[in-house]
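Peer 1: See model_15.txt below, with compact mmCIF, C-alpha atoms.
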```txt
# COMPACT_ATOMS: atom_id res chain seq x y z
CA MET I 1 -33.28 47.22 -28.68
CA ARG I 2 -31.29 45.07 -26.25
CA THR I 3 -28.09 45.90 -28.14
CA LEU I 4 -28.86 49.60 -27.99
CA VAL I 5 -29.41 49.47 -24.22
CA TRP I 6 -26.16 47.55 -23.83
CA LEU I 7 -24.27 50.10 -25.92
CA VAL I 8 -25.61 53.00 -23.84
CA VAL I 9 -25.00 51.33 -20.46
CA VAL I 10 -21.51 50.07 -21.28
CA GLY I 11 -20.63 53.39 -22.94
CA LEU I 12 -21.67 55.31 -19.82
CA LEU I 13 -19.72 52.93 -17.58
CA ALA I 14 -16.67 53.41 -19.80
CA LEU I 15 -16.99 57.19 -19.50
CA LEU I 16 -17.24 56.82 -15.72
CA GLY I 17 -14.08 54.68 -15.78
CA ILE I 18 -12.25 57.32 -17.81
CA ALA I 19 -13.28 60.04 -15.35
CA LEU I 20 -12.17 57.93 -12.38
CA SER I 21 -8.82 57.04 -13.92
CA GLN I 22 -8.16 60.71 -14.71
CA GLN I 23 -8.51 61.35 -10.97
CA GLY I 24 -6.04 58.53 -10.24
CA ALA I 25 -8.73 56.59 -8.38
CA LEU I 26 -7.97 53.40 -10.34
CA ASP I 27 -4.18 53.48 -9.83
CA PRO I 28 -4.23 50.78 -7.10
CA LEU I 29 -6.20 48.56 -9.49
CA ARG I 30 -3.64 49.24 -12.24
CA ASN I 31 -0.88 48.22 -9.86
CA VAL I 32 -2.66 44.94 -9.08
CA ALA I 33 -3.30 44.23 -12.77
CA LEU I 34 0.35 44.86 -13.65
CA THR I 35 1.48 42.70 -10.73
CA VAL I 36 -0.64 39.84 -12.07
CA ALA I 37 0.33 40.42 -15.69
CA SER I 38 4.04 41.18 -15.30
CA PRO I 39 5.29 37.54 -15.01
CA PHE I 40 3.40 36.70 -18.22
CA GLN I 41 4.67 39.88 -19.85
CA ARG I 42 8.27 39.02 -18.97
CA GLY I 43 7.83 35.51 -20.35
CA LEU I 44 6.26 36.73 -23.58
CA ARG I 45 8.93 39.41 -24.04
CA ALA I 46 11.66 36.83 -23.47
CA ALA I 47 10.07 34.58 -26.09
CA ALA I 48 9.30 37.35 -28.57
CA SER I 49 12.69 39.04 -28.52
CA PRO I 50 14.75 36.27 -30.21
CA ALA I 51 11.92 35.56 -32.67
CA ALA I 52 11.76 39.24 -33.61
CA ASP I 53 15.56 39.36 -33.97
CA PHE I 54 15.45 36.38 -36.32
CA LEU I 55 12.67 37.87 -38.44
CA ASP I 56 14.44 41.21 -38.45
CA ASN I 57 17.66 39.64 -39.69
CA VAL I 58 15.84 37.80 -42.45
CA ALA I 59 13.78 40.78 -43.53
CA LYS I 60 16.46 43.41 -43.17
CA ARG I 61 19.53 41.68 -44.53
CA GLN I 62 20.07 44.43 -47.07
CA ASP I 63 19.41 47.09 -44.44
CA LEU I 64 21.97 45.47 -42.14
CA GLU I 65 24.55 45.50 -44.89
CA ASP I 66 23.81 49.16 -45.56
CA GLU I 67 23.92 49.92 -41.85
CA ASN I 68 27.22 48.10 -41.54
CA ARG I 69 28.65 50.18 -44.36
CA LEU I 70 27.30 53.35 -42.76
CA LEU I 71 28.74 52.42 -39.36
CA ARG I 72 32.15 51.76 -40.89
CA GLN I 73 31.94 55.16 -42.51
CA GLN I 74 30.94 56.74 -39.21
CA ILE I 75 33.80 55.03 -37.39
CA GLU I 76 36.15 56.49 -39.95
CA GLU I 77 34.61 59.94 -39.58
CA LEU I 78 34.66 59.73 -35.78
CA THR I 79 38.26 58.66 -35.81
CA ALA I 80 39.04 61.68 -37.93
CA GLU I 81 37.00 63.81 -35.57
CA ILE I 82 38.96 62.53 -32.57
CA ALA I 83 42.16 63.33 -34.38
CA ARG I 84 40.94 66.83 -35.05
CA LEU I 85 39.91 67.25 -31.42
CA LYS I 86 43.32 66.13 -30.33
CA GLU I 87 44.74 68.90 -32.44
CA SER I 88 43.03 71.21 -29.99
CA GLU I 89 40.20 72.26 -32.23
CA PHE I 90 38.17 72.49 -29.07
CA THR I 91 39.32 75.52 -27.19
CA ALA I 92 40.40 75.32 -23.60
CA ALA I 93 37.19 77.09 -22.63
CA ASP I 94 35.06 74.46 -24.32
CA LEU I 95 36.95 71.67 -22.58
CA ALA I 96 36.57 73.42 -19.26
CA ALA I 97 32.82 73.76 -19.82
CA LEU I 98 32.48 70.07 -20.59
CA ALA I 99 34.53 69.16 -17.55
CA GLU I 100 32.32 71.40 -15.46
CA VAL I 101 29.24 69.58 -16.64
CA GLU I 102 30.82 66.26 -15.76
CA ASN I 103 31.95 67.47 -12.36
CA SER I 104 28.63 69.08 -11.61
CA ARG I 105 26.90 65.72 -11.16
CA PRO I 106 29.31 63.54 -9.20
CA ASP I 107 26.65 62.32 -6.81
CA ASP I 108 24.12 61.07 -9.31
CA GLU I 109 22.08 58.18 -8.00
CA PHE I 110 20.49 55.68 -10.30
CA LEU I 111 17.92 52.97 -9.92
CA VAL I 112 18.11 50.03 -12.28
CA ALA I 113 14.73 48.98 -13.67
CA ARG I 114 13.66 46.24 -16.03
CA VAL I 115 11.40 47.01 -18.98
CA ILE I 116 8.31 44.81 -18.78
CA ALA I 117 5.97 46.16 -21.45
CA ARG I 118 5.48 48.70 -24.16
CA ASP I 119 2.40 50.74 -25.01
CA PRO I 120 0.82 49.01 -28.01
CA SER I 121 -1.39 51.89 -29.18
CA ASN I 122 0.86 53.05 -32.07
CA LEU I 123 0.00 56.61 -31.03
CA LYS I 124 2.17 56.79 -27.92
CA GLU I 125 5.77 55.78 -27.27
CA ARG I 126 5.79 54.57 -23.70
CA LEU I 127 7.15 51.63 -21.79
CA ALA I 128 6.51 50.09 -18.39
CA ILE I 129 9.28 49.42 -15.87
CA ASP I 130 9.22 47.20 -12.80
CA ARG I 131 10.00 49.97 -10.30
CA GLY I 132 7.47 52.34 -8.80
CA SER I 133 6.91 54.95 -6.14
CA ASP I 134 7.68 52.42 -3.39
CA ASP I 135 11.22 52.24 -4.85
CA GLY I 136 11.57 56.01 -4.95
CA VAL I 137 10.47 56.58 -8.54
CA ALA I 138 8.45 59.76 -9.08
CA GLU I 139 6.77 61.36 -12.06
CA GLY I 140 9.13 63.65 -13.94
CA MET I 141 12.28 61.67 -13.17
CA VAL I 142 14.73 61.26 -16.03
CA VAL I 143 15.32 57.78 -17.44
CA MET I 144 18.52 56.77 -19.19
CA SER I 145 19.79 53.75 -21.06
CA GLU I 146 22.61 51.57 -19.77
CA GLY I 147 24.85 53.46 -22.16
CA ALA I 148 23.94 56.70 -20.33
CA SER I 149 21.92 58.27 -23.13
CA LEU I 150 18.50 59.79 -22.63
CA VAL I 151 15.52 57.43 -22.87
CA GLY I 152 12.64 59.51 -21.52
CA VAL I 153 10.78 60.69 -18.47
CA VAL I 154 8.63 58.90 -15.90
CA SER I 155 5.09 59.94 -16.75
CA LYS I 156 3.15 57.76 -14.33
CA ALA I 157 4.42 56.18 -11.12
CA LEU I 158 2.34 53.42 -9.54
CA SER I 159 3.36 51.67 -6.30
CA ASP I 160 5.42 48.91 -7.92
CA PHE I 161 5.56 49.97 -11.57
CA ALA I 162 6.02 53.10 -13.64
CA TRP I 163 5.34 54.22 -17.18
CA VAL I 164 8.07 56.06 -19.03
CA THR I 165 7.30 58.44 -21.90
CA LEU I 166 10.08 57.97 -24.43
CA ILE I 167 11.86 60.85 -26.14
CA THR I 168 10.28 59.61 -29.39
CA ASP I 169 6.71 60.08 -28.11
CA PRO I 170 4.78 62.56 -30.32
CA ASN I 171 4.11 64.72 -27.24
CA SER I 172 7.74 64.79 -26.07
CA ASN I 173 9.71 68.05 -26.38
CA ILE I 174 13.21 68.49 -24.97
CA ASN I 175 15.46 71.54 -24.98
CA ALA I 176 18.64 70.41 -26.70
CA MET I 177 21.89 71.60 -28.20
CA MET I 178 24.52 70.47 -30.67
CA LEU I 179 27.69 69.69 -28.75
CA GLU I 180 29.90 70.81 -31.66
CA SER I 181 28.36 74.19 -32.51
CA ARG I 182 26.44 74.75 -29.24
CA ALA I 183 23.40 75.55 -31.43
CA GLN I 184 20.20 75.18 -29.45
CA GLY I 185 16.83 73.83 -30.45
CA VAL I 186 13.98 71.59 -29.38
CA VAL I 187 14.04 67.83 -29.94
CA SER I 188 10.58 66.37 -30.52
CA GLY I 189 9.25 62.89 -31.12
CA SER I 190 6.95 61.83 -33.91
CA LEU I 191 4.47 59.12 -34.82
CA ASN I 192 7.01 57.01 -36.70
CA GLY I 193 9.24 56.78 -33.63
CA GLY I 194 11.80 59.19 -35.05
CA LEU I 195 13.29 62.34 -33.57
CA HIS I 196 13.73 65.75 -35.07
CA MET I 197 15.35 68.89 -33.74
CA ASP I 198 13.49 72.09 -34.59
CA LEU I 199 14.07 75.77 -33.94
CA ILE I 200 17.77 75.61 -34.82
CA PRO I 201 18.92 79.11 -35.81
CA GLN I 202 19.48 79.39 -39.55
CA ASP I 203 23.04 80.62 -39.08
CA ALA I 204 24.03 77.70 -36.85
CA GLU I 205 26.48 75.22 -38.30
CA VAL I 206 24.80 71.84 -38.24
CA GLU I 207 25.78 68.81 -40.24
CA PRO I 208 25.09 65.06 -40.26
CA GLY I 209 27.06 63.30 -37.56
CA ASN I 210 26.76 66.15 -35.04
CA THR I 211 25.98 65.07 -31.50
CA VAL I 212 22.73 66.21 -29.88
CA ALA I 213 22.48 66.47 -26.10
CA THR I 214 20.16 68.08 -23.57
CA SER I 215 20.80 71.78 -23.05
CA GLY I 216 19.47 71.86 -19.50
CA LEU I 217 17.28 74.85 -20.30
CA GLY I 218 14.04 74.79 -18.33
CA GLY I 219 15.55 72.60 -15.66
CA ASN I 220 13.66 69.44 -16.56
CA PHE I 221 16.74 67.54 -17.73
CA PRO I 222 20.36 67.59 -16.62
CA GLN I 223 22.72 69.31 -19.02
CA ALA I 224 24.68 67.37 -21.66
CA LEU I 225 22.75 64.10 -21.54
CA LEU I 226 23.31 62.38 -24.88
CA ILE I 227 20.20 62.24 -27.08
CA GLY I 228 21.52 61.13 -30.46
CA GLN I 229 23.23 62.05 -33.70
CA VAL I 230 22.10 64.21 -36.59
CA THR I 231 21.37 62.16 -39.71
CA SER I 232 20.17 64.92 -42.02
CA VAL I 233 19.48 68.65 -42.01
CA ARG I 234 16.54 70.39 -43.69
CA GLY I 235 15.87 74.06 -44.29
CA GLU I 236 16.08 76.59 -47.07
CA PRO I 237 18.26 79.70 -46.70
CA GLN I 238 15.13 81.85 -46.48
CA ASP I 239 13.74 79.83 -43.54
CA VAL I 240 14.06 81.28 -40.06
CA PHE I 241 15.00 77.95 -38.51
CA LYS I 242 16.58 74.69 -39.60
CA THR I 243 15.32 71.22 -38.76
CA ALA I 244 17.58 68.23 -38.20
CA GLU I 245 16.58 64.57 -38.18
CA VAL I 246 18.13 62.86 -35.17
CA GLU I 247 18.88 59.18 -34.66
CA PRO I 248 18.41 58.31 -30.96
CA ALA I 249 21.61 57.08 -29.33
CA ALA I 250 19.72 54.51 -27.26
CA SER I 251 18.17 51.55 -29.04
CA LEU I 252 14.69 52.44 -27.83
CA SER I 253 12.84 49.57 -29.48
CA ARG I 254 14.96 46.91 -27.78
CA LEU I 255 15.53 48.24 -24.28
CA GLU I 256 15.74 45.55 -21.62
CA ASN I 257 16.98 47.59 -18.65
CA VAL I 258 17.00 51.30 -17.93
CA LEU I 259 18.41 53.63 -15.28
CA VAL I 260 16.14 56.02 -13.42
CA LEU I 261 18.04 59.12 -12.35
CA THR I 262 16.68 59.52 -8.82
CA SER I 263 19.05 62.25 -7.61
CA PHE I 264 18.13 64.87 -10.23
CA LYS I 265 15.12 66.95 -9.30
CA ALA I 266 13.44 68.26 -12.42
CA ALA I 267 12.00 71.76 -12.38
CA ARG I 268 8.53 70.31 -12.95
CA LEU I 269 8.95 68.38 -9.69
CA THR I 270 10.37 71.14 -7.55
CA SER I 271 8.38 74.14 -8.82
CA PRO I 272 5.23 75.02 -6.83
CA MET E 1 -18.84 27.48 -19.36
CA ARG E 2 -17.64 28.81 -22.73
CA TYR E 3 -16.59 32.03 -21.02
CA LEU E 4 -14.28 30.07 -18.74
CA LEU E 5 -12.24 29.29 -21.82
CA PHE E 6 -12.58 32.56 -23.61
CA VAL E 7 -11.96 35.02 -20.76
CA PRO E 8 -8.43 33.69 -20.06
CA LEU E 9 -7.81 33.69 -23.81
CA ILE E 10 -8.86 37.35 -24.02
CA LEU E 11 -6.66 38.26 -21.05
CA PHE E 12 -3.75 36.43 -22.64
CA ALA E 13 -4.33 38.30 -25.92
CA ALA E 14 -4.30 41.61 -24.02
CA ILE E 15 -1.00 40.74 -22.34
CA ALA E 16 0.48 39.53 -25.63
CA GLN E 17 -0.54 42.78 -27.27
CA VAL E 18 1.38 44.78 -24.67
CA ALA E 19 4.38 42.50 -24.21
CA ALA E 20 5.00 40.86 -27.58
CA ALA E 21 3.18 42.71 -30.40
CA PRO E 22 5.54 45.73 -30.29
CA TYR E 23 8.37 43.35 -31.26
CA PHE E 24 6.70 42.58 -34.59
CA PRO E 25 5.92 45.88 -36.28
CA LEU E 26 4.83 46.08 -39.90
CA LEU E 27 4.44 49.30 -41.89
CA GLY E 28 5.65 51.14 -38.80
CA VAL E 29 2.77 50.00 -36.60
CA THR E 30 1.91 47.08 -34.34
CA ALA E 31 -1.15 44.87 -34.70
CA ASN E 32 -4.12 44.83 -32.35
CA PRO E 33 -4.72 41.08 -31.80
CA LEU E 34 -7.28 41.78 -29.08
CA LEU E 35 -9.51 43.72 -31.45
CA VAL E 36 -9.11 41.11 -34.18
CA LEU E 37 -9.93 38.29 -31.76
CA LEU E 38 -13.08 40.06 -30.56
CA VAL E 39 -14.21 40.68 -34.15
CA CYS E 40 -13.56 37.03 -35.12
CA TRP E 41 -15.51 35.89 -32.08
CA ALA E 42 -18.40 38.23 -32.92
CA MET E 43 -18.46 37.06 -36.54
CA VAL E 44 -18.25 33.34 -35.82
CA ARG E 45 -20.17 33.06 -32.57
CA GLY E 46 -22.45 36.08 -32.93
CA PRO E 47 -22.37 39.52 -31.33
CA GLU E 48 -24.33 38.46 -28.22
CA GLU E 49 -21.39 36.62 -26.66
CA THR E 50 -19.01 39.42 -27.59
CA MET E 51 -21.14 41.90 -25.66
CA ALA E 52 -20.09 40.15 -22.45
CA LEU E 53 -16.44 39.95 -23.43
CA ILE E 54 -15.82 43.53 -24.58
CA PRO E 55 -15.94 45.07 -21.06
CA VAL E 56 -13.59 42.37 -19.70
CA ALA E 57 -11.12 42.80 -22.57
CA GLY E 58 -11.28 46.60 -22.54
CA ILE E 59 -10.87 47.05 -18.79
CA PHE E 60 -7.97 44.60 -18.50
CA LYS E 61 -6.13 46.06 -21.51
CA ASP E 62 -6.47 49.60 -20.16
CA LEU E 63 -5.33 48.56 -16.68
CA ILE E 64 -2.02 47.23 -18.02
CA THR E 65 -1.34 50.20 -20.33
CA THR E 66 -1.27 53.97 -19.88
CA ASP E 67 -4.73 54.42 -21.35
CA PRO E 68 -7.57 55.84 -19.26
CA VAL E 69 -9.61 52.86 -18.03
CA GLY E 70 -12.64 52.67 -20.29
CA VAL E 71 -11.22 54.05 -23.52
CA SER E 72 -10.73 50.58 -25.02
CA ILE E 73 -14.30 49.59 -24.11
CA LEU E 74 -15.57 52.65 -25.97
CA ALA E 75 -13.26 51.89 -28.90
CA PHE E 76 -14.38 48.23 -29.04
CA LEU E 77 -18.11 49.10 -28.93
CA PRO E 78 -18.58 49.44 -32.72
CA ILE E 79 -17.68 45.74 -33.11
CA VAL E 80 -21.16 44.78 -31.86
CA PRO E 81 -23.27 46.83 -34.32
CA LEU E 82 -20.87 45.98 -37.17
CA ALA E 83 -21.22 42.24 -36.46
CA ALA E 84 -24.99 42.63 -36.04
CA ILE E 85 -25.27 44.28 -39.45
CA ARG E 86 -23.33 41.42 -41.00
CA GLU E 87 -25.54 38.87 -39.18
CA ARG E 88 -28.65 40.35 -40.78
CA ARG E 89 -27.14 40.05 -44.25
CA PRO E 90 -25.88 36.47 -44.60
CA THR E 91 -23.32 35.88 -47.32
CA GLU E 92 -21.79 32.72 -48.75
CA SER E 93 -18.35 33.47 -47.41
CA GLU E 94 -17.89 34.28 -43.73
CA PHE E 95 -14.25 35.18 -43.99
CA LEU E 96 -14.46 38.11 -46.40
CA PRO E 97 -17.07 39.95 -44.30
CA THR E 98 -14.83 39.31 -41.28
CA LEU E 99 -11.97 41.06 -43.07
CA ALA E 100 -14.27 43.98 -43.86
CA VAL E 101 -15.48 44.21 -40.25
CA VAL E 102 -11.90 44.00 -38.90
CA SER E 103 -10.91 46.90 -41.16
CA ALA E 104 -13.97 48.97 -40.25
CA ALA E 105 -13.60 48.17 -36.53
CA SER E 106 -9.90 49.17 -36.68
CA LEU E 107 -10.76 52.53 -38.21
CA SER E 108 -13.51 53.22 -35.68
CA TYR E 109 -11.24 51.99 -32.85
CA TYR E 110 -8.57 54.58 -33.65
CA LEU E 111 -11.10 57.34 -34.25
CA ILE E 112 -12.74 56.85 -30.84
CA TYR E 113 -9.38 56.26 -29.15
CA MET E 114 -7.94 59.50 -30.53
CA ILE E 115 -11.03 61.50 -29.59
CA VAL E 116 -10.81 60.29 -25.98
CA LEU E 117 -7.04 60.85 -25.77
CA THR E 118 -7.49 64.38 -27.10
CA ALA E 119 -10.29 64.99 -24.60
CA VAL E 120 -8.06 63.97 -21.68
CA GLY E 121 -5.16 66.09 -22.92
CA ASP E 122 -2.97 63.33 -24.31
CA GLY E 123 -3.95 63.75 -27.95
CA PRO E 124 -1.85 62.49 -30.84
CA PRO E 125 -1.10 64.56 -33.97
CA TRP E 126 -4.39 64.29 -35.89
CA LEU E 127 -3.04 65.30 -39.28
CA GLN E 128 -0.32 62.65 -39.43
CA SER E 129 -2.24 59.85 -37.73
CA PRO E 130 -4.49 58.67 -40.62
CA VAL E 131 -1.61 57.95 -42.99
CA ARG E 132 1.04 56.92 -40.48
CA VAL E 133 -1.04 54.92 -38.02
CA ILE E 134 -4.72 54.36 -38.73
CA LEU E 135 -4.62 53.00 -42.29
CA PRO E 136 -1.46 50.86 -41.80
CA ALA E 137 -2.91 49.48 -38.55
CA ALA E 138 -6.21 48.59 -40.26
CA LEU E 139 -4.27 46.82 -43.00
CA PHE E 140 -2.03 45.00 -40.51
CA ASN E 141 -5.05 43.89 -38.48
CA ALA E 142 -6.67 42.55 -41.65
CA LEU E 143 -3.47 40.66 -42.45
CA ILE E 144 -3.40 38.85 -39.09
CA THR E 145 -7.10 38.04 -39.23
CA PRO E 146 -6.66 34.52 -40.73
CA ILE E 147 -4.30 33.61 -37.86
CA LEU E 148 -7.05 34.26 -35.32
CA TYR E 149 -10.14 33.58 -37.42
CA LEU E 150 -9.28 29.98 -38.29
CA PRO E 151 -8.76 28.73 -34.69
CA VAL E 152 -12.00 30.42 -33.59
CA ARG E 153 -13.81 28.85 -36.56
CA TRP E 154 -12.37 25.38 -35.91
CA ALA E 155 -13.03 25.56 -32.16
CA THR E 156 -16.63 26.48 -32.84
CA THR E 157 -17.07 23.66 -35.38
CA LEU E 158 -15.52 21.13 -32.97
CA ALA E 159 -17.76 22.32 -30.14
CA GLU E 160 -20.83 21.93 -32.34
CA MET E 161 -19.78 18.42 -33.40
CA ALA E 162 -19.14 17.37 -29.79
CA ARG E 163 -22.56 18.58 -28.67
CA PRO E 164 -24.91 15.57 -28.17
CA SER E 165 -27.64 15.56 -30.80
CA MET E 166 -31.27 15.05 -29.82
CA SER E 167 -32.97 11.99 -31.26
CA VAL E 168 -36.71 11.67 -31.78
CA PRO E 169 -38.01 8.21 -30.75
CA GLY E 170 -40.14 6.25 -33.12
```
What's the structure tokens form of this structure?
Peer 2:
Amino acid sequence: MRTLVWLVVVGLLALLGIALSQQGALDPLRNVALTVASPFQRGLRAAASPAADFLDNVAKRQDLEDENRLLRQQIEELTAEIARLKESEFTAADLAALAEVENSRPDDEFLVARVIARDPSNLKERLAIDRGSDDGVAEGMVVMSEGASLVGVVSKALSDFAWVTLITDPNSNINAMMLESRAQGVVSGSLNGGLHMDLIPQDAEVEPGNTVATSGLGGNFPQALLIGQVTSVRGEPQDVFKTAEVEPAASLSRLENVLVLTSFKAARLTSP
Amino acid sequence: MRYLLFVPLILFAAIAQVAAAPYFPLLGVTANPLLVLLVCWAMVRGPEETMALIPVAGIFKDLITTDPVGVSILAFLPIVPLAAIRERRPTESEFLPTLAVVSAASLSYYLIYMIVLTAVGDGPPWLQSPVRVILPAALFNALITPILYLPVRWATTLAEMARPSMSVPG
């Protein structure tokens, strides 16, 4: 009987907590908890990272060899691609468009943030950074890796910390395009941490090795932010759309620092 | 007094789960050491003590993740009745029932967790989750159970040995 009462009381309190946190009423408490926990989190991450690397190397020796072979092959293919580009395969119009994209964001401002934690639920792909609304971080801001490829979007900004929803999150959808063929589609995350690009027109030329970047459609992401590379393409001729598996350009599982793009105002931030 | 030791341990397990566990994935998922620790505690020390620890563990874990505060408490709740059922049916081995309860608690944890996430509009893909997340996570949690069960068992045995025994005069 005592257990039953406890279950009911604690269950009701938990439901109250859920309702309060949905209203944002517990955000200050979250900020305090993260402030207390973050030094321990940094220490544990610093200790876990080399141990995980060591275990990875032991367990994935064969994978590393395969990856090495694949990378050598990709280098060869990319070198060939560069040579082809040099032979003006890209038209002057294409080059002008790319240059325009580059020139359109000369005043980008970034905020460097350190990754302090990762959501452990297995059902979400999110990470915590040590910058928050007091530093100018707002929900909807775009987050990039140090190599300037897309990492995700700020989904929750506390005073001193923020949570970033990664592009591999199952609920993440990004309008994207292939840089080579300009074919458009939607890049979505999945439960296994992978990426796939759907809604690619059947007649679009897509092949492994193609580069996927943001298309800028919808206004939530800047145009031509690198997302990743196509690893395989699926779809029968009778299908309306093709699907491509995409390897993220950023090493999302081992991010230490990220850049928050503070100067870009996403449509979801500026629209009424 | 015993809570003075166990509460910091629970808080440390929650931080470790967020900061370090994602570095050691197996079968595409990360383990839930907090859940396993609570189950081990409930199995070795009895569900009564765990009833006090579940709210502390759940609230703190939710505060340092993106989860709505309270979802982990709800998801940890089945540990208590599961441990109580096992307590009423004593078996020779304590470890094998612990493995069974860890697996069952992992399954119920994800079920409740996914229901709440869906209710608040942050739901995961239900069709893919059982095969890709729930079953591998239950297996992974069962695999790490000895790592947490044995220290809890030994600590309890040592505490019982250190307790002064009552002598009857005459």
Peer 1: Define the interface residues of chain E facing chain I as those within 8 Å, counting all atoms listed in the file, and report them as a PyMOL selection string.
Peer 2: chain E and resi 15-24+28-30+32+51+55+60+63-66+68-71+73-74+77+80-81+120+122+124-125+128-129+132-133
Peer 1: Need the shell around Leu255 (chain I): protein/DNA/RNA residues with any atom at most 9 Å away, counting only C-alpha atoms. Skip same-chain ones fewer than 3 positions apart. Format as a PyMOL selection string?
Peer 2: chain I and resi 114-115+145+250-252+258
Peer 1: Could you give me, as a VMD selection string, the residues within 8 Å of Val206 (chain I), counting all atoms listed in the file and dropping anything in the same chain fewer than 2 positions from it?
Peer 2: chain I and resid 178 181 183 204 208 210 233
Peer 1: If I put a ball of radius 9 Å at (21.0, 78.7, -40.2) in the file's coordinates, which residues poke into it when counting all atoms listed in the file, written as JSON, numbers by chain?
Peer 2: {"I": [200, 201, 202, 203, 204, 205, 206, 235, 236, 237, 239, 240, 241, 242]}
Peer 1: Determine, counting only C-alpha atoms, which protein, DNA and RNA residues have an atom within 7 Å of an atom of region 96-99 of chain E; residues of the same chain fewer than 3 positions away are not included. Present the result as a list in words.
Peer 2: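 Non-adjacent residues within range: Cys40, Met43, Ser93, Val102, Ser103, Ala142 and Thr145 of chain E.
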Peer 1: As an exercise, work out the distance from CA of Tyr110 (chain E) to CA of Trp126 (chain E) in Å and give it to one decimal place.
Peer 2: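 CA of Trp126 (chain E) lies 10.8 Å from CA of Tyr110 (chain E).
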Peer 1: Just give me the gap between CA of Gly218 (chain I) and CA of Ala249 (chain I) in Å, one decimal is fine.
Peer 2: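 Computing the Euclidean distance for CA of Gly218 (chain I) and CA of Ala249 (chain I) yields 22.2 Å.
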Peer 1: Counting all atoms listed in the file, which residue out of E:Pro78, E:Leu9, E:Tyr113, E:Arg45 sits closest to Glu160 (chain E)?
Peer 2: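 Once distances to Glu160 (chain E) are computed over all atoms listed in the file, the minimum belongs to E:Arg45.
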Peer 1: Can you pull out every residue within 8 Å of Leu150 (chain I), counting only C-alpha atoms, but drop anything in the same chain fewer than 6 positions away, and send it as a PyMOL selection string?
Peer 2: chain I and resi 142-144+167+225-227+249-250
Peer 1: Do you have the CA of Met1 (chain I)-CA of Thr157 (chain E) distance handy?
Peer 2: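 A separation of 29.4 Å between them.
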Peer 1: Starting from the incomplete input, reconstruct N, CA and C atoms of region 72-84 of chain E and report them as a PDB file, in the frame of the given file.
Peer 2:
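Contents of part-v8.pdb, freshly written:
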```pdb
ATOM      1  N   SER E  72     -10.705  51.735 -24.105  1.00  0.00           N
ATOM      2  CA  SER E  72     -10.730  50.580 -25.020  1.00  0.00           C
ATOM      3  C   SER E  72     -12.145  50.005 -25.141  1.00  0.00           C
ATOM      4  N   ILE E  73     -12.903  50.065 -24.024  1.00  0.00           N
ATOM      5  CA  ILE E  73     -14.300  49.590 -24.110  1.00  0.00           C
ATOM      6  C   ILE E  73     -15.045  50.426 -25.133  1.00  0.00           C
ATOM      7  N   LEU E  74     -14.901  51.758 -25.011  1.00  0.00           N
ATOM      8  CA  LEU E  74     -15.570  52.650 -25.970  1.00  0.00           C
ATOM      9  C   LEU E  74     -15.120  52.336 -27.400  1.00  0.00           C
ATOM     10  N   ALA E  75     -13.807  52.112 -27.549  1.00  0.00           N
ATOM     11  CA  ALA E  75     -13.260  51.890 -28.900  1.00  0.00           C
ATOM     12  C   ALA E  75     -13.661  50.535 -29.468  1.00  0.00           C
ATOM     13  N   PHE E  76     -13.949  49.560 -28.570  1.00  0.00           N
ATOM     14  CA  PHE E  76     -14.380  48.230 -29.040  1.00  0.00           C
ATOM     15  C   PHE E  76     -15.887  48.185 -29.334  1.00  0.00           C
ATOM     16  N   LEU E  77     -16.644  49.151 -28.800  1.00  0.00           N
ATOM     17  CA  LEU E  77     -18.110  49.100 -28.930  1.00  0.00           C
ATOM     18  C   LEU E  77     -18.627  48.903 -30.356  1.00  0.00           C
ATOM     19  N   PRO E  78     -18.035  49.596 -31.361  1.00  0.00           N
ATOM     20  CA  PRO E  78     -18.580  49.440 -32.720  1.00  0.00           C
ATOM     21  C   PRO E  78     -18.528  48.011 -33.269  1.00  0.00           C
ATOM     22  N   ILE E  79     -17.744  47.132 -32.639  1.00  0.00           N
ATOM     23  CA  ILE E  79     -17.680  45.740 -33.110  1.00  0.00           C
ATOM     24  C   ILE E  79     -19.084  45.119 -33.087  1.00  0.00           C
ATOM     25  N   VAL E  80     -19.842  45.420 -32.031  1.00  0.00           N
ATOM     26  CA  VAL E  80     -21.160  44.780 -31.860  1.00  0.00           C
ATOM     27  C   VAL E  80     -22.131  45.181 -32.972  1.00  0.00           C
ATOM     28  N   PRO E  81     -22.364  46.489 -33.207  1.00  0.00           N
ATOM     29  CA  PRO E  81     -23.270  46.830 -34.320  1.00  0.00           C
ATOM     30  C   PRO E  81     -22.746  46.373 -35.679  1.00  0.00           C
ATOM     31  N   LEU E  82     -21.423  46.416 -35.875  1.00  0.00           N
ATOM     32  CA  LEU E  82     -20.870  45.980 -37.170  1.00  0.00           C
ATOM     33  C   LEU E  82     -21.150  44.484 -37.397  1.00  0.00           C
ATOM     34  N   ALA E  83     -20.958  43.683 -36.332  1.00  0.00           N
ATOM     35  CA  ALA E  83     -21.220  42.240 -36.460  1.00  0.00           C
ATOM     36  C   ALA E  83     -22.717  41.985 -36.608  1.00  0.00           C
ATOM     37  N   ALA E  84     -23.530  42.808 -35.939  1.00  0.00           N
ATOM     38  CA  ALA E  84     -24.990  42.630 -36.040  1.00  0.00           C
ATOM     39  C   ALA E  84     -25.470  42.930 -37.452  1.00  0.00           C
TER      40      ALA E  84
END
```
